[in-house]
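Okay, start08.pdb now, which holds PDB, C-alpha atoms and all ligand atoms:
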ATOM      1  CA  MET U   1     160.509 173.505  20.702
ATOM      2  CA  LYS U   2     160.053 170.844  23.354
ATOM      3  CA  SER U   3     157.119 171.563  25.660
ATOM      4  CA  LEU U   4     157.997 172.494  29.234
ATOM      5  CA  LEU U   5     155.434 170.011  30.420
ATOM      6  CA  ASP U   6     156.608 167.039  28.444
ATOM      7  CA  THR U   7     159.945 165.968  29.797
ATOM      8  CA  ARG U   8     159.490 162.256  29.338
ATOM      9  CA  THR U   9     159.101 160.159  26.274
ATOM     10  CA  VAL U  10     155.772 158.375  26.266
ATOM     11  CA  ILE U  11     155.719 155.209  24.246
ATOM     12  CA  PRO U  12     152.336 154.481  22.629
ATOM     13  CA  ASP U  13     151.066 151.840  25.086
ATOM     14  CA  GLY U  14     151.108 154.392  27.921
ATOM     15  CA  ARG U  15     154.396 153.228  29.437
ATOM     16  CA  HIS U  16     157.051 155.838  30.038
ATOM     17  CA  HIS U  17     160.673 155.342  29.037
ATOM     18  CA  ASP U  18     161.622 154.447  32.604
ATOM     19  CA  GLY U  19     159.136 151.572  32.609
ATOM     20  CA  HIS U  20     156.486 153.189  34.800
ATOM     21  CA  THR U  21     152.889 153.026  33.694
ATOM     22  CA  THR U  22     150.559 156.003  33.630
ATOM     23  CA  LYS U  23     148.002 155.724  36.432
ATOM     24  CA  LEU U  24     146.171 159.008  35.990
ATOM     25  CA  SER U  25     146.112 161.215  32.948
ATOM     26  CA  VAL U  26     144.968 164.793  33.478
ATOM     27  CA  ARG U  27     143.895 166.187  30.090
ATOM     28  CA  HIS U  28     143.182 169.885  29.451
ATOM     29  CA  VAL U  29     141.469 170.302  32.790
ATOM     30  CA  ASN U  30     139.808 173.611  33.625
ATOM     31  CA  ALA U  31     137.954 173.995  36.921
ATOM     32  CA  TRP U  32     135.820 176.765  38.376
ATOM     33  CA  TYR U  33     134.094 177.648  41.624
ATOM     34  CA  GLY U  34     131.243 179.772  40.298
ATOM     35  CA  GLU U  35     132.922 182.482  38.235
ATOM     36  CA  LYS U  36     136.335 181.913  39.772
ATOM     37  CA  GLN U  37     138.631 179.797  37.597
ATOM     38  CA  ALA U  38     140.888 177.612  39.777
ATOM     39  CA  LEU U  39     142.598 175.447  37.123
ATOM     40  CA  GLU U  40     143.449 176.420  33.561
ATOM     41  CA  ASP U  41     144.203 173.889  30.837
ATOM     42  CA  VAL U  42     146.161 171.514  33.065
ATOM     43  CA  THR U  43     147.652 168.460  31.324
ATOM     44  CA  PHE U  44     150.070 165.954  32.845
ATOM     45  CA  ASP U  45     150.415 162.277  33.725
ATOM     46  CA  ILE U  46     150.726 160.680  37.162
ATOM     47  CA  CYS U  47     152.684 157.428  37.099
ATOM     48  CA  ASP U  48     152.073 154.282  39.067
ATOM     49  CA  ARG U  49     154.696 153.398  41.678
ATOM     50  CA  GLU U  50     155.860 156.969  41.954
ATOM     51  CA  VAL U  51     155.293 159.923  44.233
ATOM     52  CA  THR U  52     154.126 163.049  42.413
ATOM     53  CA  ALA U  53     154.417 166.294  44.401
ATOM     54  CA  LEU U  54     152.107 169.250  43.739
ATOM     55  CA  ILE U  55     153.798 172.492  44.714
ATOM     56  CA  GLY U  56     153.114 176.208  44.288
ATOM     57  CA  PRO U  57     152.032 179.273  46.238
ATOM     58  CA  SER U  58     148.789 179.418  48.170
ATOM     59  CA  GLY U  59     145.706 179.501  45.956
ATOM     60  CA  CYS U  60     147.458 178.128  42.846
ATOM     61  CA  GLY U  61     145.039 175.204  42.487
ATOM     62  CA  LYS U  62     146.790 172.266  44.176
ATOM     63  CA  SER U  63     143.816 171.236  46.339
ATOM     64  CA  THR U  64     141.407 171.693  43.452
ATOM     65  CA  LEU U  65     143.530 169.362  41.350
ATOM     66  CA  LEU U  66     143.863 166.791  44.149
ATOM     67  CA  THR U  67     140.139 166.725  44.907
ATOM     68  CA  SER U  68     139.258 166.626  41.206
ATOM     69  CA  LEU U  69     141.150 163.332  40.858
ATOM     70  CA  ASN U  70     138.731 161.462  43.162
ATOM     71  CA  ARG U  71     135.766 163.693  42.234
ATOM     72  CA  ILE U  72     135.393 164.929  45.816
ATOM     73  CA  ALA U  73     135.578 168.512  44.494
ATOM     74  CA  GLU U  74     132.110 167.944  43.062
ATOM     75  CA  THR U  75     130.687 168.172  46.570
ATOM     76  CA  VAL U  76     131.612 171.901  46.639
ATOM     77  CA  PRO U  77     128.667 174.021  45.455
ATOM     78  CA  GLY U  78     129.466 175.903  42.226
ATOM     79  CA  TYR U  79     132.425 173.677  41.257
ATOM     80  CA  ARG U  80     132.603 172.579  37.648
ATOM     81  CA  LEU U  81     135.249 171.007  35.450
ATOM     82  CA  THR U  82     135.953 170.667  31.747
ATOM     83  CA  GLY U  83     138.555 168.435  30.141
ATOM     84  CA  ASP U  84     139.151 164.850  31.159
ATOM     85  CA  ILE U  85     140.893 162.716  33.767
ATOM     86  CA  LEU U  86     141.684 159.099  32.921
ATOM     87  CA  LEU U  87     142.333 156.418  35.536
ATOM     88  CA  ASP U  88     144.051 153.403  33.976
ATOM     89  CA  GLY U  89     143.082 154.815  30.587
ATOM     90  CA  LYS U  90     139.364 155.187  31.338
ATOM     91  CA  SER U  91     137.632 158.500  31.930
ATOM     92  CA  ILE U  92     136.561 158.969  35.544
ATOM     93  CA  PHE U  93     133.541 160.845  34.129
ATOM     94  CA  ASP U  94     132.256 158.000  31.953
ATOM     95  CA  PRO U  95     128.532 157.486  32.599
ATOM     96  CA  ASP U  96     129.120 153.886  33.690
ATOM     97  CA  VAL U  97     131.593 154.899  36.420
ATOM     98  CA  GLU U  98     130.049 154.332  39.827
ATOM     99  CA  LEU U  99     131.086 157.266  42.005
ATOM    100  CA  GLU U 100     131.389 155.327  45.272
ATOM    101  CA  HIS U 101     133.483 152.675  43.567
ATOM    102  CA  LEU U 102     135.717 155.299  41.931
ATOM    103  CA  ARG U 103     136.297 157.113  45.221
ATOM    104  CA  ARG U 104     137.238 153.853  46.897
ATOM    105  CA  ARG U 105     140.138 153.481  44.479
ATOM    106  CA  PHE U 106     141.684 156.515  46.194
ATOM    107  CA  GLY U 107     142.929 156.751  49.761
ATOM    108  CA  TRP U 108     142.880 160.200  51.356
ATOM    109  CA  ILE U 109     145.300 161.495  53.978
ATOM    110  CA  ALA U 110     144.385 164.880  55.427
ATOM    111  CA  GLN U 111     146.572 167.579  57.000
ATOM    112  CA  MET U 112     145.358 166.834  60.505
ATOM    113  CA  PRO U 113     145.427 163.150  61.438
ATOM    114  CA  ASN U 114     141.776 162.169  61.865
ATOM    115  CA  PRO U 115     141.502 158.627  63.278
ATOM    116  CA  PHE U 116     138.119 157.453  64.544
ATOM    117  CA  PRO U 117     137.773 157.635  68.361
ATOM    118  CA  GLU U 118     137.318 153.842  68.187
ATOM    119  CA  PRO U 119     139.865 151.115  68.996
ATOM    120  CA  ILE U 120     142.985 151.102  66.820
ATOM    121  CA  ARG U 121     141.933 147.695  65.450
ATOM    122  CA  GLU U 122     138.531 149.051  64.414
ATOM    123  CA  ASN U 123     140.086 152.030  62.598
ATOM    124  CA  VAL U 124     141.573 149.537  60.159
ATOM    125  CA  ALA U 125     138.871 146.830  60.218
ATOM    126  CA  TYR U 126     135.889 149.098  59.572
ATOM    127  CA  GLY U 127     136.485 149.892  55.884
ATOM    128  CA  ALA U 128     137.546 146.341  55.081
ATOM    129  CA  ARG U 129     134.369 145.005  56.678
ATOM    130  CA  ILE U 130     131.853 147.389  55.125
ATOM    131  CA  HIS U 131     133.385 147.116  51.663
ATOM    132  CA  GLY U 132     133.555 143.326  51.863
ATOM    133  CA  ILE U 133     137.336 143.231  51.495
ATOM    134  CA  VAL U 134     137.527 140.832  54.437
ATOM    135  CA  GLU U 135     134.366 138.733  54.542
ATOM    136  CA  ASP U 136     135.238 136.235  57.250
ATOM    137  CA  ASP U 137     135.690 137.889  60.661
ATOM    138  CA  ASN U 138     138.233 135.188  61.552
ATOM    139  CA  ASP U 139     140.554 136.666  58.933
ATOM    140  CA  MET U 140     140.236 140.197  60.277
ATOM    141  CA  ASP U 141     143.006 140.111  62.896
ATOM    142  CA  GLY U 142     145.528 138.971  60.296
ATOM    143  CA  PHE U 143     144.330 141.623  57.861
ATOM    144  CA  VAL U 144     144.550 144.395  60.490
ATOM    145  CA  GLU U 145     148.079 143.282  61.327
ATOM    146  CA  GLN U 146     149.051 143.329  57.663
ATOM    147  CA  CYS U 147     147.760 146.900  57.159
ATOM    148  CA  LEU U 148     149.434 148.129  60.360
ATOM    149  CA  ARG U 149     152.701 146.469  59.322
ATOM    150  CA  ARG U 150     152.490 148.122  55.893
ATOM    151  CA  ALA U 151     152.039 151.453  57.680
ATOM    152  CA  ASN U 152     155.111 150.763  59.892
ATOM    153  CA  LEU U 153     152.941 150.956  62.995
ATOM    154  CA  TRP U 154     152.463 147.352  64.087
ATOM    155  CA  ASP U 155     155.334 147.132  66.575
ATOM    156  CA  GLU U 156     154.157 150.279  68.348
ATOM    157  CA  VAL U 157     150.491 149.286  68.673
ATOM    158  CA  LYS U 158     150.328 145.477  68.700
ATOM    159  CA  ASP U 159     149.736 145.387  72.469
ATOM    160  CA  ILE U 160     147.249 148.264  72.589
ATOM    161  CA  LEU U 161     144.891 147.447  69.717
ATOM    162  CA  ASP U 162     141.872 148.078  71.973
ATOM    163  CA  GLN U 163     142.880 151.624  72.812
ATOM    164  CA  PRO U 164     141.254 154.438  70.862
ATOM    165  CA  GLY U 165     143.109 155.631  67.745
ATOM    166  CA  THR U 166     142.943 159.134  69.174
ATOM    167  CA  SER U 167     145.163 158.096  72.134
ATOM    168  CA  LEU U 168     148.234 157.810  69.887
ATOM    169  CA  SER U 169     150.808 160.537  69.201
ATOM    170  CA  GLY U 170     150.233 162.773  66.152
ATOM    171  CA  GLY U 171     152.729 160.884  64.017
ATOM    172  CA  GLN U 172     151.304 157.505  65.041
ATOM    173  CA  GLN U 173     147.798 158.780  64.327
ATOM    174  CA  GLN U 174     148.863 159.787  60.823
ATOM    175  CA  ARG U 175     150.375 156.334  60.213
ATOM    176  CA  LEU U 176     147.135 154.817  61.547
ATOM    177  CA  CYS U 177     145.228 156.921  59.010
ATOM    178  CA  ILE U 178     147.558 155.542  56.333
ATOM    179  CA  ALA U 179     146.853 151.976  57.549
ATOM    180  CA  ARG U 180     143.139 152.800  57.405
ATOM    181  CA  ALA U 181     143.528 154.130  53.853
ATOM    182  CA  LEU U 182     145.385 150.942  52.845
ATOM    183  CA  SER U 183     142.601 148.757  54.268
ATOM    184  CA  THR U 184     140.375 149.343  51.245
ATOM    185  CA  ASN U 185     143.124 148.438  48.752
ATOM    186  CA  PRO U 186     143.318 151.763  46.923
ATOM    187  CA  ASP U 187     145.279 152.236  43.678
ATOM    188  CA  VAL U 188     146.226 155.804  44.518
ATOM    189  CA  ILE U 189     146.839 157.653  47.780
ATOM    190  CA  LEU U 190     146.151 161.380  47.800
ATOM    191  CA  MET U 191     147.900 163.312  50.561
ATOM    192  CA  ASP U 192     147.103 166.902  51.463
ATOM    193  CA  GLU U 193     150.117 168.200  53.410
ATOM    194  CA  PRO U 194     150.227 165.035  55.537
ATOM    195  CA  CYS U 195     153.090 166.214  57.747
ATOM    196  CA  SER U 196     152.097 169.822  58.347
ATOM    197  CA  ALA U 197     150.986 169.033  61.922
ATOM    198  CA  LEU U 198     153.922 166.716  62.744
ATOM    199  CA  ASP U 199     157.306 167.283  64.373
ATOM    200  CA  PRO U 200     160.493 166.502  62.396
ATOM    201  CA  GLY U 201     160.882 162.969  63.816
ATOM    202  CA  ALA U 202     157.293 161.992  63.032
ATOM    203  CA  THR U 203     157.622 163.663  59.627
ATOM    204  CA  GLY U 204     160.707 161.563  58.872
ATOM    205  CA  ARG U 205     158.835 158.347  59.704
ATOM    206  CA  VAL U 206     155.892 159.310  57.473
ATOM    207  CA  GLU U 207     158.294 160.216  54.649
ATOM    208  CA  GLU U 208     160.028 156.818  54.965
ATOM    209  CA  LEU U 209     156.641 155.176  54.803
ATOM    210  CA  ILE U 210     155.656 157.144  51.689
ATOM    211  CA  ASP U 211     158.837 155.947  50.030
ATOM    212  CA  GLU U 212     158.044 152.309  50.891
ATOM    213  CA  LEU U 213     154.402 152.538  49.821
ATOM    214  CA  ARG U 214     155.232 153.690  46.334
ATOM    215  CA  ALA U 215     156.428 150.161  45.575
ATOM    216  CA  ASP U 216     152.764 149.251  44.984
ATOM    217  CA  LEU U 217     150.840 152.498  44.589
ATOM    218  CA  ALA U 218     150.686 155.883  42.950
ATOM    219  CA  ILE U 219     150.959 158.680  45.517
ATOM    220  CA  VAL U 220     150.084 162.326  44.929
ATOM    221  CA  ILE U 221     151.145 164.719  47.676
ATOM    222  CA  ILE U 222     150.557 168.418  48.209
ATOM    223  CA  THR U 223     153.308 169.994  50.227
ATOM    224  CA  HIS U 224     154.413 173.513  51.090
ATOM    225  CA  ASN U 225     157.649 172.044  52.391
ATOM    226  CA  LEU U 226     159.970 172.163  49.402
ATOM    227  CA  GLN U 227     162.615 169.979  51.025
ATOM    228  CA  GLN U 228     159.918 167.393  51.569
ATOM    229  CA  ALA U 229     158.891 167.505  47.908
ATOM    230  CA  ALA U 230     162.555 167.075  46.956
ATOM    231  CA  ARG U 231     163.015 164.185  49.414
ATOM    232  CA  VAL U 232     159.909 162.114  48.734
ATOM    233  CA  SER U 233     158.832 162.667  45.139
ATOM    234  CA  GLN U 234     160.069 161.434  41.801
ATOM    235  CA  ARG U 235     157.983 163.951  39.766
ATOM    236  CA  THR U 236     156.976 167.456  40.665
ATOM    237  CA  ALA U 237     154.232 169.646  39.253
ATOM    238  CA  PHE U 238     154.620 173.383  39.897
ATOM    239  CA  PHE U 239     151.424 175.432  39.717
ATOM    240  CA  HIS U 240     150.915 179.180  39.637
ATOM    241  CA  LEU U 241     147.533 180.947  39.445
ATOM    242  CA  GLY U 242     145.767 177.787  38.286
ATOM    243  CA  LYS U 243     148.262 176.968  35.538
ATOM    244  CA  LEU U 244     150.718 174.093  35.483
ATOM    245  CA  ILE U 245     153.930 175.985  34.825
ATOM    246  CA  GLU U 246     156.409 173.112  34.961
ATOM    247  CA  PHE U 247     156.166 169.364  35.338
ATOM    248  CA  GLY U 248     158.987 166.864  35.292
ATOM    249  CA  ASP U 249     161.557 164.897  37.241
ATOM    250  CA  THR U 250     161.802 166.332  40.748
ATOM    251  CA  GLU U 251     165.552 166.731  40.424
ATOM    252  CA  ASP U 252     165.168 168.810  37.260
ATOM    253  CA  ILE U 253     162.443 170.992  38.774
ATOM    254  CA  PHE U 254     164.612 171.785  41.796
ATOM    255  CA  LEU U 255     168.048 171.943  40.204
ATOM    256  CA  LYS U 256     167.306 173.059  36.639
ATOM    257  CA  PRO U 257     163.965 174.886  36.598
ATOM    258  CA  ARG U 258     163.264 176.226  33.127
ATOM    259  CA  THR U 259     161.024 179.145  34.030
ATOM    260  CA  GLU U 260     161.755 182.185  36.144
ATOM    261  CA  LEU U 261     158.535 181.619  38.120
ATOM    262  CA  CYS U 262     159.511 178.084  39.103
ATOM    263  CA  ASN U 263     163.100 179.096  39.799
ATOM    264  CA  ASP U 264     161.932 181.909  42.098
ATOM    265  CA  TYR U 265     159.578 179.540  43.922
ATOM    266  CA  VAL U 266     161.989 176.654  44.459
ATOM    267  CA  THR U 267     164.744 179.000  45.585
ATOM    268  CA  GLY U 268     162.374 180.467  48.160
ATOM    269  CA  ARG U 269     162.115 183.915  46.612
ATOM    270  CA  TYR U 270     158.347 183.905  47.077
ATOM    271  CA  GLY U 271     155.466 181.675  48.056
TER     272      GLY U 271
HETATM  273  N1  LIG S 301     135.030 176.648  47.675
HETATM  274  C1  LIG S 301     135.592 177.621  46.963
HETATM  275  N2  LIG S 301     134.852 178.655  46.510
HETATM  276  C2  LIG S 301     135.400 179.650  45.786
HETATM  277  N3  LIG S 301     136.689 179.691  45.415
HETATM  278  C3  LIG S 301     137.480 178.693  45.836
HETATM  279  C4  LIG S 301     136.974 177.615  46.633
HETATM  280  N4  LIG S 301     138.001 176.779  46.905
HETATM  281  C5  LIG S 301     139.090 177.311  46.303
HETATM  282  N5  LIG S 301     138.776 178.454  45.666
HETATM  283  C6  LIG S 301     139.678 179.314  44.899
HETATM  284  O1  LIG S 301     140.285 178.543  43.878
HETATM  285  C7  LIG S 301     141.656 178.863  43.743
HETATM  286  C8  LIG S 301     142.480 177.593  43.941
HETATM  287  O2  LIG S 301     142.342 177.173  45.293
HETATM  288  P1  LIG S 301     143.014 175.851  45.859
HETATM  289  O3  LIG S 301     142.488 175.652  47.228
HETATM  290  O4  LIG S 301     142.859 174.752  44.871
HETATM  291  O5  LIG S 301     144.550 176.301  45.904
HETATM  292  P2  LIG S 301     145.761 175.671  46.736
HETATM  293  O6  LIG S 301     146.959 175.796  45.851
HETATM  294  O7  LIG S 301     145.412 174.328  47.217
HETATM  295  O8  LIG S 301     145.882 176.671  47.962
HETATM  296  P3  LIG S 301     146.483 176.408  49.448
HETATM  297  O9  LIG S 301     147.928 176.090  49.253
HETATM  298  O10 LIG S 301     146.277 177.721  50.129
HETATM  299  O11 LIG S 301     145.689 175.299  50.053
HETATM  300  C9  LIG S 301     141.965 179.960  44.772
HETATM  301  O12 LIG S 301     141.893 181.193  44.125
HETATM  302  C10 LIG S 301     140.845 179.799  45.774
HETATM  303  O13 LIG S 301     140.542 181.037  46.382
END

Let's see the structure in the file written out as structure tokens.
Ligand SMILES: Nc1ncnc2c1ncn2[C@@H]1O[C@H](COP(=O)(O)OP(=O)(O)OP(=O)(O)O)[C@@H](O)[C@H]1O
Amino acid sequence: MKSLLDTRTVIPDGRHHDGHTTKLSVRHVNAWYGEKQALEDVTFDICDREVTALIGPSGCGKSTLLTSLNRIAETVPGYRLTGDILLDGKSIFDPDVELEHLRRRFGWIAQMPNPFPEPIRENVAYGARIHGIVEDDNDMDGFVEQCLRRANLWDEVKDILDQPGTSLSGGQQQRLCIARALSTNPDVILMDEPCSALDPGATGRVEELIDELRADLAIVIITHNLQQAARVSQRTAFFHLGKLIEFGDTEDIFLKPRTELCNDYVTGRYG
């Protein structure tokens, strides 16, 4: 019988039948906080140039999975993981992986927009400067503009670059945080309910941006908003009590769920 978790044909070089390459491979991952098991034998692939949504009821392990990908979970006392996670085919736990370098390959967008209380320009320039992405200060203005344009924010802020990032509206602040994340050239952007504090208009603009950004990046997004998962993602992973119950094309998960648990969740019967 075909596995519920394996809806796509993987050809041996890691490319999927639709031409997308695997960015992250989660392999038999178990995670604990002390005695409490938060993830149980989770295996699935996250493709480049796609949005993967993590959905499921509160406490099902979405945040643990997201923070395991960039190894931020390791900062929580008592957390431990078994299994493996590969980034571009290489284990993120290999002894020669430099943690700071690994974490820089991931951008992080939090629930509450959290720009620095510094000028808008500096929110974007800071990371690029300290990580040596822009070495010549003369190139910085052009680089800041490029990141703000990529985040669909340039036209709104080009005349107020000296104002603090915190002076913007919530939706603008979140797009500034996305510009800041882009400034270190990540491969993957991890988003933890990025629109939960935004109104519908601001949410729509962030969703449009997510759709544009996937042209060059892998994006993994946690959302409790099922319509949002359906709108922005190409793949969806449904978790329940630490287990990955279903993973596949978003359309299939929402329109043709194969388990009662997933069906009940996506039709709003619980969660
Ligand atoms: N620091 C921690 N210490 C102990 N247990 C934790 C800790 N963080 C999470 N857990 C437990 O691990 C399990 C998974 O939690 P996690 O936060 O990953 O779920 P989630 O799906 O992201 O939940 P939510 O949607 O509410 O954010 C839950 O049972 C939770 O109580």

Of the listed residues U:Asp199, U:Asp187, U:Glu251, U:Glu118, that which approaches Ser167 (chain U) most closely, counting all atoms listed in the file: U:Glu118

Atom-to-atom span, CA of Glu145 (chain U) and CA of Leu161 (chain U), Å: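 Taking CA of Glu145 (chain U) as the start and CA of Leu161 (chain U) as the end point, the length is 9.9 Å.
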
Nearest candidate to Thr184 (chain U) (options U:Arg105, U:Arg149, U:Lys243, U:Arg205; using all atoms listed in the file): U:Arg105

Counting only C-alpha atoms and all ligand atoms, which residues in chain U sit no more than 12 Å from ligand LIG 301 (chain S)? For each one, give the nearest pair of atoms and the distance in Å, sorted by chain then residue number, as a tab-separated table.
residue	atom	partner	partner_atom	distance
U:Asn30	CA	S:LIG301	C8	11.4
U:Ala31	CA	S:LIG301	O1	8.6
U:Trp32	CA	S:LIG301	O1	7.3
U:Tyr33	CA	S:LIG301	C2	4.8
U:Gly34	CA	S:LIG301	C2	6.9
U:Glu35	CA	S:LIG301	C2	8.4
U:Lys36	CA	S:LIG301	N3	6.1
U:Gln37	CA	S:LIG301	O1	6.6
U:Ala38	CA	S:LIG301	C7	4.2
U:Leu39	CA	S:LIG301	C8	7.1
U:Glu40	CA	S:LIG301	C8	10.5
U:Leu54	CA	S:LIG301	O6	8.6
U:Ile55	CA	S:LIG301	O6	7.7
U:Gly56	CA	S:LIG301	O6	6.4
U:Pro57	CA	S:LIG301	O9	6.0
U:Ser58	CA	S:LIG301	O9	3.6
U:Gly59	CA	S:LIG301	O5	3.4
U:Cys60	CA	S:LIG301	O6	3.8
U:Gly61	CA	S:LIG301	O4	3.3
U:Lys62	CA	S:LIG301	O6	3.9
U:Ser63	CA	S:LIG301	O7	3.6
U:Thr64	CA	S:LIG301	O4	3.7
U:Leu65	CA	S:LIG301	O4	6.5
U:Leu66	CA	S:LIG301	O4	8.1
U:Thr67	CA	S:LIG301	O4	8.5
U:Ser68	CA	S:LIG301	O4	9.6
U:Ile72	CA	S:LIG301	N1	11.9
U:Ala73	CA	S:LIG301	N1	8.8
U:Glu74	CA	S:LIG301	N1	10.3
U:Thr75	CA	S:LIG301	N1	9.6
U:Val76	CA	S:LIG301	N1	5.9
U:Pro77	CA	S:LIG301	N1	7.2
U:Gly78	CA	S:LIG301	N2	7.4
U:Tyr79	CA	S:LIG301	N1	7.5
U:Arg80	CA	S:LIG301	N2	11.0
U:Ala110	CA	S:LIG301	O11	11.8
U:Gln111	CA	S:LIG301	O11	10.4
U:Met191	CA	S:LIG301	O7	11.8
U:Asp192	CA	S:LIG301	O11	8.6
U:Glu193	CA	S:LIG301	O11	9.0
U:Ser196	CA	S:LIG301	O9	11.8
U:Ile221	CA	S:LIG301	O7	11.2
U:Ile222	CA	S:LIG301	O7	7.9
U:Thr223	CA	S:LIG301	O9	8.2
U:His224	CA	S:LIG301	O9	7.2
U:Asn225	CA	S:LIG301	O9	11.0
U:Ala237	CA	S:LIG301	O6	11.6
U:Phe238	CA	S:LIG301	O6	10.0
U:Phe239	CA	S:LIG301	O6	7.6
U:His240	CA	S:LIG301	O6	8.1
U:Leu241	CA	S:LIG301	O12	7.3
U:Gly242	CA	S:LIG301	C8	6.5
U:Lys243	CA	S:LIG301	C8	10.2
U:Leu244	CA	S:LIG301	O6	11.2
U:Gly271	CA	S:LIG301	O9	9.5

Since we have the selection now, will you write its residues out, keeping C-alpha atoms, as a CSV table (one decimal), keeping the file's coordinate frame?
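This went into out-v7.csv:
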chain,number,residue,atom,x,y,z
U,30,ASN,CA,139.8,173.6,33.6
U,31,ALA,CA,138.0,174.0,36.9
U,32,TRP,CA,135.8,176.8,38.4
U,33,TYR,CA,134.1,177.6,41.6
U,34,GLY,CA,131.2,179.8,40.3
U,35,GLU,CA,132.9,182.5,38.2
U,36,LYS,CA,136.3,181.9,39.8
U,37,GLN,CA,138.6,179.8,37.6
U,38,ALA,CA,140.9,177.6,39.8
U,39,LEU,CA,142.6,175.4,37.1
U,40,GLU,CA,143.4,176.4,33.6
U,54,LEU,CA,152.1,169.2,43.7
U,55,ILE,CA,153.8,172.5,44.7
U,56,GLY,CA,153.1,176.2,44.3
U,57,PRO,CA,152.0,179.3,46.2
U,58,SER,CA,148.8,179.4,48.2
U,59,GLY,CA,145.7,179.5,46.0
U,60,CYS,CA,147.5,178.1,42.8
U,61,GLY,CA,145.0,175.2,42.5
U,62,LYS,CA,146.8,172.3,44.2
U,63,SER,CA,143.8,171.2,46.3
U,64,THR,CA,141.4,171.7,43.5
U,65,LEU,CA,143.5,169.4,41.4
U,66,LEU,CA,143.9,166.8,44.1
U,67,THR,CA,140.1,166.7,44.9
U,68,SER,CA,139.3,166.6,41.2
U,72,ILE,CA,135.4,164.9,45.8
U,73,ALA,CA,135.6,168.5,44.5
U,74,GLU,CA,132.1,167.9,43.1
U,75,THR,CA,130.7,168.2,46.6
U,76,VAL,CA,131.6,171.9,46.6
U,77,PRO,CA,128.7,174.0,45.5
U,78,GLY,CA,129.5,175.9,42.2
U,79,TYR,CA,132.4,173.7,41.3
U,80,ARG,CA,132.6,172.6,37.6
U,110,ALA,CA,144.4,164.9,55.4
U,111,GLN,CA,146.6,167.6,57.0
U,191,MET,CA,147.9,163.3,50.6
U,192,ASP,CA,147.1,166.9,51.5
U,193,GLU,CA,150.1,168.2,53.4
U,196,SER,CA,152.1,169.8,58.3
U,221,ILE,CA,151.1,164.7,47.7
U,222,ILE,CA,150.6,168.4,48.2
U,223,THR,CA,153.3,170.0,50.2
U,224,HIS,CA,154.4,173.5,51.1
U,225,ASN,CA,157.6,172.0,52.4
U,237,ALA,CA,154.2,169.6,39.3
U,238,PHE,CA,154.6,173.4,39.9
U,239,PHE,CA,151.4,175.4,39.7
U,240,HIS,CA,150.9,179.2,39.6
U,241,LEU,CA,147.5,180.9,39.4
U,242,GLY,CA,145.8,177.8,38.3
U,243,LYS,CA,148.3,177.0,35.5
U,244,LEU,CA,150.7,174.1,35.5
U,271,GLY,CA,155.5,181.7,48.1

The PyMOL selection byres (((chain U and resi 233) around 10) and not hetatm) applied to the shown file, residues as an MDAnalysis selection string: chainID U and resid 50:54 207 210:211 214 219:221 228:232 234:236 249:251

Can you complete the atoms of region 105-116 of chain U to N, CA and C atoms and list them as a CSV table (one decimal), keeping the file's coordinate frame?
chain,number,residue,atom,x,y,z
U,105,ARG,N,138.8,153.8,45.1
U,105,ARG,CA,140.1,153.5,44.5
U,105,ARG,C,141.2,154.5,44.9
U,106,PHE,N,140.8,155.5,45.7
U,106,PHE,CA,141.7,156.5,46.2
U,106,PHE,C,141.7,156.5,47.7
U,107,GLY,N,142.9,156.5,48.3
U,107,GLY,CA,142.9,156.8,49.8
U,107,GLY,C,143.1,158.2,50.0
U,108,TRP,N,142.7,158.8,51.1
U,108,TRP,CA,142.9,160.2,51.4
U,108,TRP,C,143.6,160.4,52.7
U,109,ILE,N,144.6,161.2,52.7
U,109,ILE,CA,145.3,161.5,54.0
U,109,ILE,C,145.3,163.0,54.1
U,110,ALA,N,144.6,163.4,55.2
U,110,ALA,CA,144.4,164.9,55.4
U,110,ALA,C,145.5,165.5,56.2
U,111,GLN,N,145.5,166.8,56.3
U,111,GLN,CA,146.6,167.6,57.0
U,111,GLN,C,146.6,167.2,58.5
U,112,MET,N,145.4,167.2,59.1
U,112,MET,CA,145.4,166.8,60.5
U,112,MET,C,145.0,165.4,60.6
U,113,PRO,N,145.8,164.6,61.3
U,113,PRO,CA,145.4,163.2,61.4
U,113,PRO,C,144.0,163.1,62.0
U,114,ASN,N,143.2,162.2,61.4
U,114,ASN,CA,141.8,162.2,61.9
U,114,ASN,C,141.3,160.7,62.1
U,115,PRO,N,142.0,160.0,63.0
U,115,PRO,CA,141.5,158.6,63.3
U,115,PRO,C,140.1,158.7,63.9
U,116,PHE,N,139.4,157.6,63.8
U,116,PHE,CA,138.1,157.5,64.5
U,116,PHE,C,138.4,157.3,66.0
